[in-house]
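Pasting final-v8.txt here (compact mmCIF, C-alpha atoms):
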# COMPACT_ATOMS: atom_id res chain seq x y z
CA MET A 1 11.34 3.36 224.26
CA ASP A 2 9.00 0.45 223.47
CA LYS A 3 11.62 -2.32 223.61
CA LEU A 4 12.53 -4.05 226.83
CA ALA A 5 16.18 -3.99 227.91
CA ILE A 6 18.60 -6.68 229.08
CA ILE A 7 21.77 -5.79 230.99
CA CYS A 8 24.74 -8.18 230.87
CA VAL A 9 27.51 -7.70 233.46
CA ASP A 10 30.94 -9.41 233.39
CA ASP A 11 34.46 -8.17 234.08
CA GLU A 12 35.81 -10.03 231.03
CA GLN A 13 35.16 -8.10 227.81
CA THR A 14 35.48 -11.18 225.57
CA ILE A 15 32.72 -12.95 227.52
CA LEU A 16 30.55 -9.82 227.32
CA ASP A 17 31.03 -9.51 223.55
CA SER A 18 30.30 -13.21 223.03
CA LEU A 19 27.23 -13.04 225.27
CA LYS A 20 25.85 -9.98 223.49
CA ILE A 21 26.24 -11.61 220.07
CA GLU A 22 24.57 -14.80 221.32
CA LEU A 23 21.62 -12.85 222.72
CA GLU A 24 21.18 -10.61 219.68
CA THR A 25 21.19 -13.68 217.42
CA ALA A 26 18.63 -15.55 219.54
CA LEU A 27 16.34 -12.61 220.24
CA GLU A 28 16.40 -11.09 216.74
CA ASP A 29 16.76 -7.43 217.69
CA LYS A 30 13.56 -7.45 219.74
CA TYR A 31 15.29 -6.22 222.87
CA VAL A 32 17.82 -3.57 223.83
CA ILE A 33 20.97 -5.35 225.05
CA GLU A 34 23.42 -3.32 227.19
CA THR A 35 26.72 -4.45 228.71
CA ALA A 36 28.81 -3.40 231.71
CA GLU A 37 32.20 -4.58 233.05
CA SER A 38 31.45 -3.93 236.73
CA GLY A 39 28.62 -3.66 239.18
CA GLU A 40 29.09 0.09 239.47
CA GLU A 41 28.93 0.53 235.70
CA ALA A 42 25.87 -1.73 235.53
CA LEU A 43 24.02 0.56 237.95
CA GLU A 44 24.92 3.60 235.84
CA VAL A 45 23.58 1.82 232.73
CA LEU A 46 20.41 0.85 234.59
CA TRP A 47 19.74 4.39 235.83
CA SER A 48 20.36 5.78 232.36
CA LEU A 49 17.85 3.37 230.81
CA VAL A 50 15.26 4.22 233.47
CA GLU A 51 15.73 7.94 232.76
CA ASP A 52 15.05 7.21 229.07
CA ASP A 53 11.79 5.41 230.03
CA CYS A 54 13.18 2.07 228.93
CA GLN A 55 12.05 -0.84 231.08
CA VAL A 56 14.78 -3.26 232.11
CA ALA A 57 13.39 -6.80 232.14
CA VAL A 58 16.42 -8.93 233.01
CA THR A 59 19.89 -8.44 234.46
CA ILE A 60 22.50 -11.17 233.88
CA ALA A 61 25.53 -10.79 236.16
CA ASP A 62 28.74 -12.72 236.77
CA TYR A 63 29.47 -13.48 240.42
CA ILE A 64 33.25 -12.88 240.57
CA MET A 65 34.03 -9.27 239.64
CA PRO A 66 36.40 -6.69 241.07
CA GLY A 67 34.70 -4.28 243.46
CA MET A 68 30.98 -5.04 243.73
CA LYS A 69 30.34 -8.75 243.39
CA GLY A 70 27.50 -10.18 241.33
CA ASP A 71 25.26 -11.07 244.28
CA GLU A 72 25.77 -7.60 245.80
CA LEU A 73 24.79 -5.98 242.50
CA LEU A 74 21.65 -8.09 242.13
CA ILE A 75 20.63 -7.36 245.71
CA LYS A 76 21.09 -3.64 245.07
CA ILE A 77 19.01 -3.82 241.88
CA HIS A 78 16.29 -5.77 243.68
CA GLN A 79 16.08 -3.16 246.42
CA GLU A 80 15.49 -0.38 243.87
CA TYR A 81 13.71 -2.26 241.08
CA PRO A 82 12.17 -5.47 242.46
CA LYS A 83 10.34 -6.30 239.21
CA ILE A 84 13.58 -6.81 237.25
CA LEU A 85 14.38 -10.53 236.98
CA LYS A 86 17.92 -11.52 238.02
CA ILE A 87 20.16 -14.31 236.60
CA MET A 88 23.62 -15.02 238.07
CA LEU A 89 26.47 -16.64 236.07
CA THR A 90 29.54 -18.17 237.68
CA GLY A 91 31.64 -21.22 238.05
CA GLN A 92 33.17 -20.15 241.38
CA ALA A 93 30.29 -19.04 243.63
CA ASP A 94 29.78 -21.07 246.78
CA ILE A 95 26.46 -22.26 248.21
CA GLN A 96 26.33 -19.34 250.63
CA ALA A 97 26.69 -16.76 247.84
CA VAL A 98 23.95 -18.41 245.79
CA GLY A 99 21.69 -18.62 248.84
CA ASN A 100 22.35 -14.98 249.61
CA ALA A 101 21.33 -13.96 246.09
CA VAL A 102 18.23 -16.19 246.15
CA ASN A 103 17.01 -14.85 249.50
CA GLU A 104 17.91 -11.18 249.25
CA ALA A 105 17.79 -10.54 245.50
CA ASN A 106 14.90 -12.89 244.67
CA LEU A 107 17.23 -14.61 242.17
CA TYR A 108 15.36 -15.96 239.15
CA ARG A 109 18.00 -18.51 238.06
CA TYR A 110 21.61 -19.54 238.76
CA ILE A 111 23.59 -20.84 235.77
CA ALA A 112 27.05 -22.37 236.12
CA LYS A 113 29.88 -21.40 233.82
CA PRO A 114 30.47 -22.56 231.21
CA TRP A 115 26.80 -23.07 230.36
CA GLU A 116 25.81 -25.82 227.98
CA GLY A 117 24.37 -25.11 224.55
CA THR A 118 21.09 -23.23 224.77
CA ASP A 119 20.70 -23.30 228.58
CA LEU A 120 21.19 -19.57 228.95
CA ILE A 121 19.00 -18.64 225.98
CA LEU A 122 16.13 -20.89 227.12
CA THR A 123 16.38 -19.53 230.65
CA LEU A 124 16.43 -15.95 229.37
CA LYS A 125 13.42 -16.47 227.08
CA GLU A 126 11.51 -18.02 229.95
CA ALA A 127 12.41 -15.05 232.14
CA LEU A 128 11.29 -12.58 229.45
CA ARG A 129 7.95 -14.36 229.04
CA SER A 130 7.47 -14.30 232.82
CA TYR A 131 8.31 -10.58 232.95
CA GLN A 132 5.88 -9.78 230.12
CA ARG A 133 3.11 -11.79 231.77
CA ASP A 134 3.68 -9.94 235.03
CA ARG A 135 3.70 -6.61 233.19
CA GLN A 136 0.45 -7.49 231.40
CA LEU A 137 -1.15 -8.51 234.66
CA ALA A 138 0.00 -5.27 236.24
CA ARG A 139 -1.59 -3.29 233.39
CA GLN A 140 -4.83 -5.21 233.70
CA ASN A 141 -4.85 -4.76 237.48
CA LYS A 142 -4.31 -1.04 237.04
CA ILE A 143 -7.19 -0.84 234.58
CA LEU A 144 -9.39 -2.84 236.95
CA GLN A 145 -8.43 -0.61 239.87
CA GLU A 146 -9.27 2.48 237.84
CA LEU A 147 -12.58 0.95 236.80
CA ASN A 148 -13.35 -0.04 240.39
CA ALA A 149 -12.48 3.43 241.61
CA SER A 150 -14.71 4.93 238.93
CA LEU A 151 -17.56 2.56 239.79
CA GLU A 152 -17.18 3.23 243.50
CA GLN A 153 -17.35 6.94 242.85
CA LYS A 154 -20.46 6.52 240.71
CA VAL A 155 -22.06 4.33 243.37
CA LYS A 156 -21.28 6.95 246.03
CA GLU A 157 -22.75 9.70 243.87
CA ARG A 158 -25.87 7.69 243.07
CA THR A 159 -26.26 6.61 246.68
CA ALA A 160 -26.02 10.21 247.81
CA LYS A 161 -28.57 11.20 245.16
CA LEU A 162 -30.93 8.41 246.20
CA GLU A 163 -30.60 9.38 249.84
CA GLU A 164 -31.39 12.96 248.90
CA LEU A 165 -34.42 11.88 246.85
CA ASN A 166 -35.57 9.53 249.61
CA GLY A 167 -35.30 12.34 252.10
CA GLU A 168 -37.35 14.61 249.86
CA LEU A 169 -39.90 11.84 249.32
CA MET A 170 -40.21 11.18 253.05
CA ARG A 171 -40.68 14.87 253.73
CA SER A 172 -43.26 15.08 250.95
CA ASN A 173 -45.15 12.05 252.29
CA GLU A 174 -45.11 13.45 255.81
CA ASP A 175 -46.42 16.77 254.49
CA LEU A 176 -49.20 14.97 252.60
CA GLU A 177 -50.11 12.91 255.65
CA GLN A 178 -50.24 16.02 257.79
CA PHE A 179 -52.31 17.77 255.14
CA ALA A 180 -54.75 14.84 254.95
CA TYR A 181 -55.00 14.78 258.74
CA VAL A 182 -55.73 18.51 259.00
CA ILE A 183 -58.21 18.53 256.11
CA SER A 184 -60.11 15.45 257.29
CA HIS A 185 -60.19 16.82 260.83
CA ASP A 186 -61.35 20.31 259.80
CA LEU A 187 -64.02 19.02 257.39
CA GLN A 188 -65.88 17.10 260.06
CA GLN A 189 -67.44 20.12 261.81
CA PRO A 190 -69.01 21.82 258.75
CA LEU A 191 -70.19 18.45 257.45
CA GLN A 192 -71.78 17.65 260.79
CA SER A 193 -73.58 21.00 260.58
CA ILE A 194 -74.98 20.09 257.16
CA ILE A 195 -76.15 16.67 258.34
CA GLY A 196 -77.62 18.14 261.54
CA LEU A 197 -79.51 20.86 259.66
CA ALA A 198 -80.88 18.33 257.16
CA GLU A 199 -82.05 16.07 260.00
CA ILE A 200 -83.78 19.03 261.71
CA LEU A 201 -85.54 19.94 258.49
CA MET A 202 -86.72 16.35 258.06
CA LEU A 203 -87.92 16.18 261.65
CA ASP A 204 -89.73 19.55 261.71
CA TYR A 205 -91.13 19.76 258.18
CA GLU A 206 -91.61 16.16 257.03
CA GLU A 207 -95.42 16.44 257.24
CA ILE A 208 -95.63 19.35 254.80
CA MET A 209 -93.00 18.02 252.33
CA ASN A 210 -93.94 16.30 249.11
CA GLU A 211 -92.31 12.98 248.20
CA PHE A 212 -89.67 14.60 246.01
CA ALA A 213 -88.52 16.87 248.87
CA LYS A 214 -88.48 13.95 251.31
CA ASP A 215 -86.45 11.79 248.94
CA SER A 216 -84.02 14.63 248.22
CA LEU A 217 -83.51 15.37 251.88
CA SER A 218 -83.08 11.66 252.69
CA THR A 219 -80.48 11.40 249.93
CA LEU A 220 -78.68 14.45 251.33
CA ILE A 221 -78.58 12.97 254.83
CA ALA A 222 -77.40 9.54 253.55
CA SER A 223 -74.70 11.16 251.39
CA GLY A 224 -73.59 13.30 254.32
CA LEU A 225 -73.32 10.28 256.59
CA ARG A 226 -71.41 8.44 253.90
CA MET A 227 -69.04 11.42 253.53
CA ARG A 228 -68.57 11.54 257.30
CA GLU A 229 -67.51 7.89 257.33
CA MET A 230 -65.07 8.53 254.48
CA ILE A 231 -63.55 11.51 256.29
CA ARG A 232 -63.21 9.49 259.48
CA GLY A 233 -61.59 6.73 257.45
CA LEU A 234 -59.19 9.22 255.88
CA LEU A 235 -58.39 10.58 259.32
CA THR A 236 -57.63 7.06 260.56
CA TYR A 237 -55.50 6.37 257.48
CA SER A 238 -53.47 9.55 257.93
CA LYS A 239 -52.83 8.71 261.60
CA VAL A 240 -50.97 5.51 260.65
CA GLY A 241 -47.78 7.44 259.96
CA THR A 242 -48.27 10.59 262.02
CA PRO A 243 -46.20 10.72 264.09
CA ARG A 244 -43.76 7.84 263.58
CA GLN A 245 -43.54 5.75 266.71
CA LYS A 246 -40.68 3.53 267.82
CA LEU A 247 -41.37 -0.19 267.44
CA LYS A 248 -41.13 -2.44 270.49
CA PRO A 249 -41.70 -6.14 271.28
CA ILE A 250 -45.42 -6.94 271.00
CA ASP A 251 -47.16 -10.23 271.88
CA CYS A 252 -49.56 -10.88 268.98
CA ASN A 253 -51.67 -13.20 271.17
CA LEU A 254 -52.58 -10.23 273.37
CA VAL A 255 -53.25 -8.12 270.28
CA LEU A 256 -55.64 -10.76 268.92
CA ASP A 257 -57.35 -11.07 272.33
CA LYS A 258 -58.17 -7.36 272.26
CA VAL A 259 -59.37 -7.51 268.65
CA LEU A 260 -61.71 -10.45 269.32
CA ALA A 261 -63.04 -8.65 272.39
CA ASN A 262 -63.79 -5.61 270.23
CA LEU A 263 -65.54 -7.77 267.64
CA GLN A 264 -67.37 -10.20 269.91
CA ILE A 265 -70.82 -8.73 269.13
CA ALA A 266 -70.23 -8.79 265.36
CA ILE A 267 -68.93 -12.39 265.59
CA ALA A 268 -71.97 -13.46 267.63
CA GLU A 269 -74.43 -11.76 265.27
CA LYS A 270 -72.87 -13.51 262.27
CA LYS A 271 -72.58 -16.82 264.19
CA GLY A 272 -68.95 -16.77 263.20
CA LYS A 273 -66.07 -18.93 264.39
CA VAL A 274 -62.44 -17.89 264.80
CA ILE A 275 -59.81 -20.66 264.84
CA ARG A 276 -56.44 -19.40 266.01
CA GLU A 277 -52.91 -20.71 266.40
CA HIS A 278 -50.43 -19.54 269.01
CA LEU A 279 -48.91 -16.32 267.67
CA PRO A 280 -45.34 -15.02 268.15
CA GLN A 281 -43.90 -11.83 269.56
CA VAL A 282 -42.94 -9.25 266.93
CA MET A 283 -41.44 -5.77 266.72
CA GLY A 284 -44.36 -3.41 266.26
CA ASN A 285 -46.72 -0.68 267.37
CA GLU A 286 -49.55 -2.19 269.41
CA THR A 287 -52.25 0.27 268.34
CA GLN A 288 -51.46 -0.21 264.66
CA LEU A 289 -51.27 -3.99 264.95
CA ILE A 290 -54.70 -4.03 266.62
CA GLN A 291 -56.00 -1.95 263.71
CA LEU A 292 -54.37 -4.33 261.22
CA PHE A 293 -55.86 -7.52 262.67
CA GLN A 294 -59.23 -5.88 263.32
CA ASN A 295 -59.57 -4.58 259.75
CA LEU A 296 -58.77 -7.98 258.23
CA ILE A 297 -61.03 -9.95 260.58
CA SER A 298 -63.85 -7.40 260.19
CA ASN A 299 -63.64 -7.79 256.42
CA ALA A 300 -63.78 -11.57 256.78
CA LEU A 301 -66.98 -11.21 258.81
CA LYS A 302 -68.49 -8.60 256.51
CA PHE A 303 -67.76 -10.12 253.11
CA CYS A 304 -69.46 -13.43 253.76
CA PRO A 305 -72.69 -14.65 252.07
CA PRO A 306 -75.75 -14.18 254.33
CA ASP A 307 -76.50 -17.92 254.33
CA VAL A 308 -72.95 -18.87 255.41
CA SER A 309 -71.51 -18.73 258.92
CA PRO A 310 -68.08 -17.07 258.77
CA GLU A 311 -65.14 -19.30 259.64
CA ILE A 312 -61.87 -17.45 260.10
CA ARG A 313 -58.53 -19.23 260.55
CA ILE A 314 -55.51 -17.33 261.87
CA GLY A 315 -52.02 -18.85 261.67
CA VAL A 316 -48.36 -17.99 261.29
CA GLU A 317 -45.10 -19.44 259.90
CA LEU A 318 -41.47 -18.42 260.31
CA GLU A 319 -40.02 -17.39 256.94
CA GLU A 320 -36.29 -16.56 257.12
CA ASP A 321 -36.07 -13.53 259.45
CA LYS A 322 -39.79 -12.64 259.35
CA TRP A 323 -43.09 -14.07 260.56
CA ARG A 324 -45.62 -14.69 257.82
CA PHE A 325 -49.16 -14.33 259.17
CA ARG A 326 -52.22 -15.85 257.49
CA ILE A 327 -55.89 -14.85 257.91
CA GLU A 328 -58.17 -17.15 255.93
CA ASP A 329 -61.95 -16.90 255.46
CA ASN A 330 -64.78 -18.67 253.66
CA GLY A 331 -66.29 -15.48 252.27
CA ILE A 332 -67.32 -14.31 248.81
CA GLY A 333 -63.77 -14.20 247.43
CA MET A 334 -62.69 -12.10 244.45
CA GLU A 335 -61.21 -12.27 240.98
CA PRO A 336 -57.39 -12.03 240.47
CA LYS A 337 -57.73 -8.75 238.56
CA ASN A 338 -58.72 -7.06 241.82
CA PHE A 339 -55.91 -8.41 244.01
CA GLN A 340 -53.85 -5.19 243.81
CA ARG A 341 -56.66 -2.74 243.34
CA ILE A 342 -58.31 -3.39 246.70
CA PHE A 343 -55.27 -2.04 248.58
CA GLY A 344 -55.84 1.41 247.06
CA ILE A 345 -57.49 4.13 249.11
CA PHE A 346 -61.30 4.36 248.64
CA GLN A 347 -61.26 1.24 246.42
CA ARG A 348 -64.29 -1.03 246.87
CA LEU A 349 -65.48 -3.99 244.83
CA GLU A 350 -69.09 -4.26 245.97
CA THR A 351 -71.92 -1.73 246.14
CA GLU A 352 -72.23 0.13 249.42
CA GLY A 353 -75.81 -1.03 249.81
CA LYS A 354 -74.87 -4.71 249.94
CA TYR A 355 -71.54 -4.47 251.76
CA PRO A 356 -71.12 -1.08 253.45
CA GLY A 357 -67.69 0.45 253.96
CA THR A 358 -65.38 3.30 253.00
CA GLY A 359 -62.61 1.51 251.09
CA ILE A 360 -60.04 2.69 253.65
CA GLY A 361 -59.51 -0.49 255.67
CA LEU A 362 -57.18 -2.45 253.38
CA ALA A 363 -55.29 0.69 252.37
CA SER A 364 -54.60 1.26 256.08
CA CYS A 365 -53.53 -2.39 256.46
CA LYS A 366 -51.02 -2.02 253.64
CA LYS A 367 -49.65 1.19 255.11
CA ILE A 368 -49.32 -0.35 258.58
CA VAL A 369 -47.52 -3.45 257.29
CA GLN A 370 -45.13 -1.36 255.18
CA ARG A 371 -44.39 0.90 258.15
CA HIS A 372 -43.40 -2.28 260.00
CA GLY A 373 -41.01 -3.32 257.23
CA GLY A 374 -43.24 -6.08 255.84
CA ASN A 375 -45.40 -6.95 252.84
CA ILE A 376 -49.07 -7.81 252.45
CA TRP A 377 -50.76 -9.81 249.69
CA LEU A 378 -53.63 -12.22 249.16
CA GLU A 379 -54.88 -15.34 247.45
CA SER A 380 -58.56 -15.66 246.64
CA GLN A 381 -61.10 -17.66 244.68
CA LEU A 382 -64.47 -16.21 243.79
CA GLY A 383 -67.22 -17.91 245.76
CA VAL A 384 -64.76 -19.88 247.91
CA GLY A 385 -62.89 -17.43 250.13
CA THR A 386 -59.76 -15.34 250.62
CA VAL A 387 -56.44 -15.71 252.41
CA PHE A 388 -54.57 -12.55 253.42
CA TYR A 389 -50.84 -12.87 254.12
CA PHE A 390 -48.58 -10.31 255.74
CA THR A 391 -45.05 -10.36 257.16
CA LEU A 392 -43.69 -8.75 260.33
CA ASN A 393 -40.17 -8.67 261.75
CA GLN A 394 -39.18 -11.02 264.54
CA ASP A 395 -38.62 -9.68 268.04
CA THR A 396 -34.82 -9.28 268.05

Any chance you could give the structure as structure tokens?
Amino acid sequence: MDKLAIICVDDEQTILDSLKIELETALEDKYVIETAESGEEALEVLWSLVEDDCQVAVTIADYIMPGMKGDELLIKIHQEYPKILKIMLTGQADIQAVGNAVNEANLYRYIAKPWEGTDLILTLKEALRSYQRDRQLARQNKILQELNASLEQKVKERTAKLEELNGELMRSNEDLEQFAYVISHDLQQPLQSIIGLAEILMLDYEEIMNEFAKDSLSTLIASGLRMREMIRGLLTYSKVGTPRQKLKPIDCNLVLDKVLANLQIAIAEKKGKVIREHLPQVMGNETQLIQLFQNLISNALKFCPPDVSPEIRIGVELEEDKWRFRIEDNGIGMEPKNFQRIFGIFQRLETEGKYPGTGIGLASCKKIVQRHGGNIWLESQLGVGTVFYFTLNQDT
């Protein structure tokens, strides 16, 4: 059934007949109206309607009836069907009976007999609107719960898929790193043999060689040395993530002390100056952090015009839950189009004759920072200088 039902209960048939006519006239055949002369009969009617899939919206019951009283009936209905709204009619019920019905039956309204004019009809219509609103909300909540359950299932499936893909990607990256490590390590010996043989040939037979042979052999040796540096750089790059090491609290002041000690000759030769702030303690790998700072400071020394003394400023700021480090120089700078490119492996912006290098340093810096859960980026102006920024996690 699509119509909602109303059950009217009174032990006086004339009142029941009058009540049914009044309701049918006011509600215009939009509801099923059933009657019962006792509480026991009312329960039978209710169960029959439920079996026929007809929803009972309201029960109107008289208080004084033989056998089961009105408040007892409404309490019984509430225990089995709490969503049905209950209205009690009587001119004889005491305060205790009304209170009992309100507390234990969740009584919607109490109307005294005889009711005046449209009191009952207005109360009933209000109750029906309330019931329909509650039913609509229940439907919407059910739909939302089904949607939420569906979304949660999809999220679980996609999360599981992402975890699977991430696992495969990590394994693939580890395999590639191991491959790069093995290849770069194994290539060094045969390359060293080629360079060594070429140097012996130059040393023993230079006097009898023509200029073309000398130039060719010199080019071979220079290319071999360049290749050796690239292989060593690749070996260093592959070591960043192989194997993964547990991070621990590291004092960046001590890291910088070691880096400046390593670079003291290069700084002196360039007549450079390093201006440093007090640095914090972070969660990291000491060896990799030394490599990170040393690569960035070495670049600041290297990529500086020959007529300019390098000035390098090192500072740090707390940014939410991370430290943001800053390494600023007064070097040659670069154009914005190269800001991302320079972090690629073997990417270089200047000719090797003017600024030697392998193009591995910044790629290693990026890999180190990412392994530490941070980001690295830069700001630069051509002919003015560059500022490198990177973030590291606080020591927790």

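For the atom pair formed by CA of Arg135 in chain A and CA of Gly99 in chain A, the distance is 26.7 Å, given to one decimal.
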
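Closest approach to Asp10 in chain A from the set A:Thr35, A:Asn141, A:Thr25, A:Thr219 is made by A:Thr35, with distances taken over all atoms listed in the file.
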
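Taking only C-alpha atoms, the non-local environment of Cys8 in chain A within 8 Å (same-chain residues fewer than 5 positions away omitted) comprises Leu16, Leu19, Lys20, Ile33, Glu34, Thr35, Ala36, Thr59, Ile60 and Ala61 of chain A.
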
Just the selected residues (C-alpha atoms), exported as an mmCIF file, in the frame of the given file, please.
data_model
loop_
_atom_site.group_PDB
_atom_site.id
_atom_site.type_symbol
_atom_site.label_atom_id
_atom_site.label_comp_id
_atom_site.auth_asym_id
_atom_site.auth_seq_id
_atom_site.Cartn_x
_atom_site.Cartn_y
_atom_site.Cartn_z
ATOM 1 C CA LEU A 16 30.550 -9.820 227.320
ATOM 2 C CA LEU A 19 27.230 -13.040 225.270
ATOM 3 C CA LYS A 20 25.850 -9.980 223.490
ATOM 4 C CA ILE A 33 20.970 -5.350 225.050
ATOM 5 C CA GLU A 34 23.420 -3.320 227.190
ATOM 6 C CA THR A 35 26.720 -4.450 228.710
ATOM 7 C CA ALA A 36 28.810 -3.400 231.710
ATOM 8 C CA THR A 59 19.890 -8.440 234.460
ATOM 9 C CA ILE A 60 22.500 -11.170 233.880
ATOM 10 C CA ALA A 61 25.530 -10.790 236.160
#

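Relative to CA of Lys273 in chain A, CA of His372 in chain A is found at 28.5 Å.
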
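Here the selection is built from all atoms listed in the file, and the residues within 8 Å of (-48.5, -6.9, 266.4) turn out to be Ile250, Asp251, Cys252, Val255, Gln281, Val282, Met283, Gly284, Asn285, Glu286, Gln288, Leu289, Ile290 and Leu392 of chain A.
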
Which is closest to Glu80 in chain A among A:Leu46, A:Leu147, A:Leu217, A:Ile21, if we use all atoms listed in the file? A:Leu46

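Nearest residue to Gly91 in chain A among A:Cys54, A:Tyr63, A:Leu73, A:Ala268 is A:Tyr63, counting all atoms listed in the file.
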
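One distance worth recording is that between CA of Trp47 in chain A and CA of Ile77 in chain A, which is 10.2 Å.
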
Contacts of Thr386 in chain A at 8 Å or less, counting only C-alpha atoms, minus same-chain residues fewer than 3 places along, as a ChimeraX atom specification? /A:328-334,378-381

What lies within 10 Å of Pro310 in chain A using all atoms listed in the file, ignoring chain neighbours under 6 positions off, as number ranges by chain? A: 267, 270-274, 300-304, 329-331

Select, from A:Ile221, A:Trp377, A:Asn393, A:Ser130, the residue with the minimum atom-to-atom distance to Glu319 in chain A, counting all atoms listed in the file. A:Asn393

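Minimum distance to Val45 in chain A across A:Asp17, A:Ile297, A:Gly224, A:Val9 (counting only C-alpha atoms) occurs at A:Val9.
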
Taking all atoms of range 296-310 of chain A that the file lists and extending 8 Å past them on each side, where is the centre of the axis-aligned box and how long are its edges? Answer in Å to one decimal, as JSON.
{"center_x": -67.6, "center_y": -13.1, "center_z": 256.3, "size_x": 33.7, "size_y": 27.5, "size_z": 24.5}
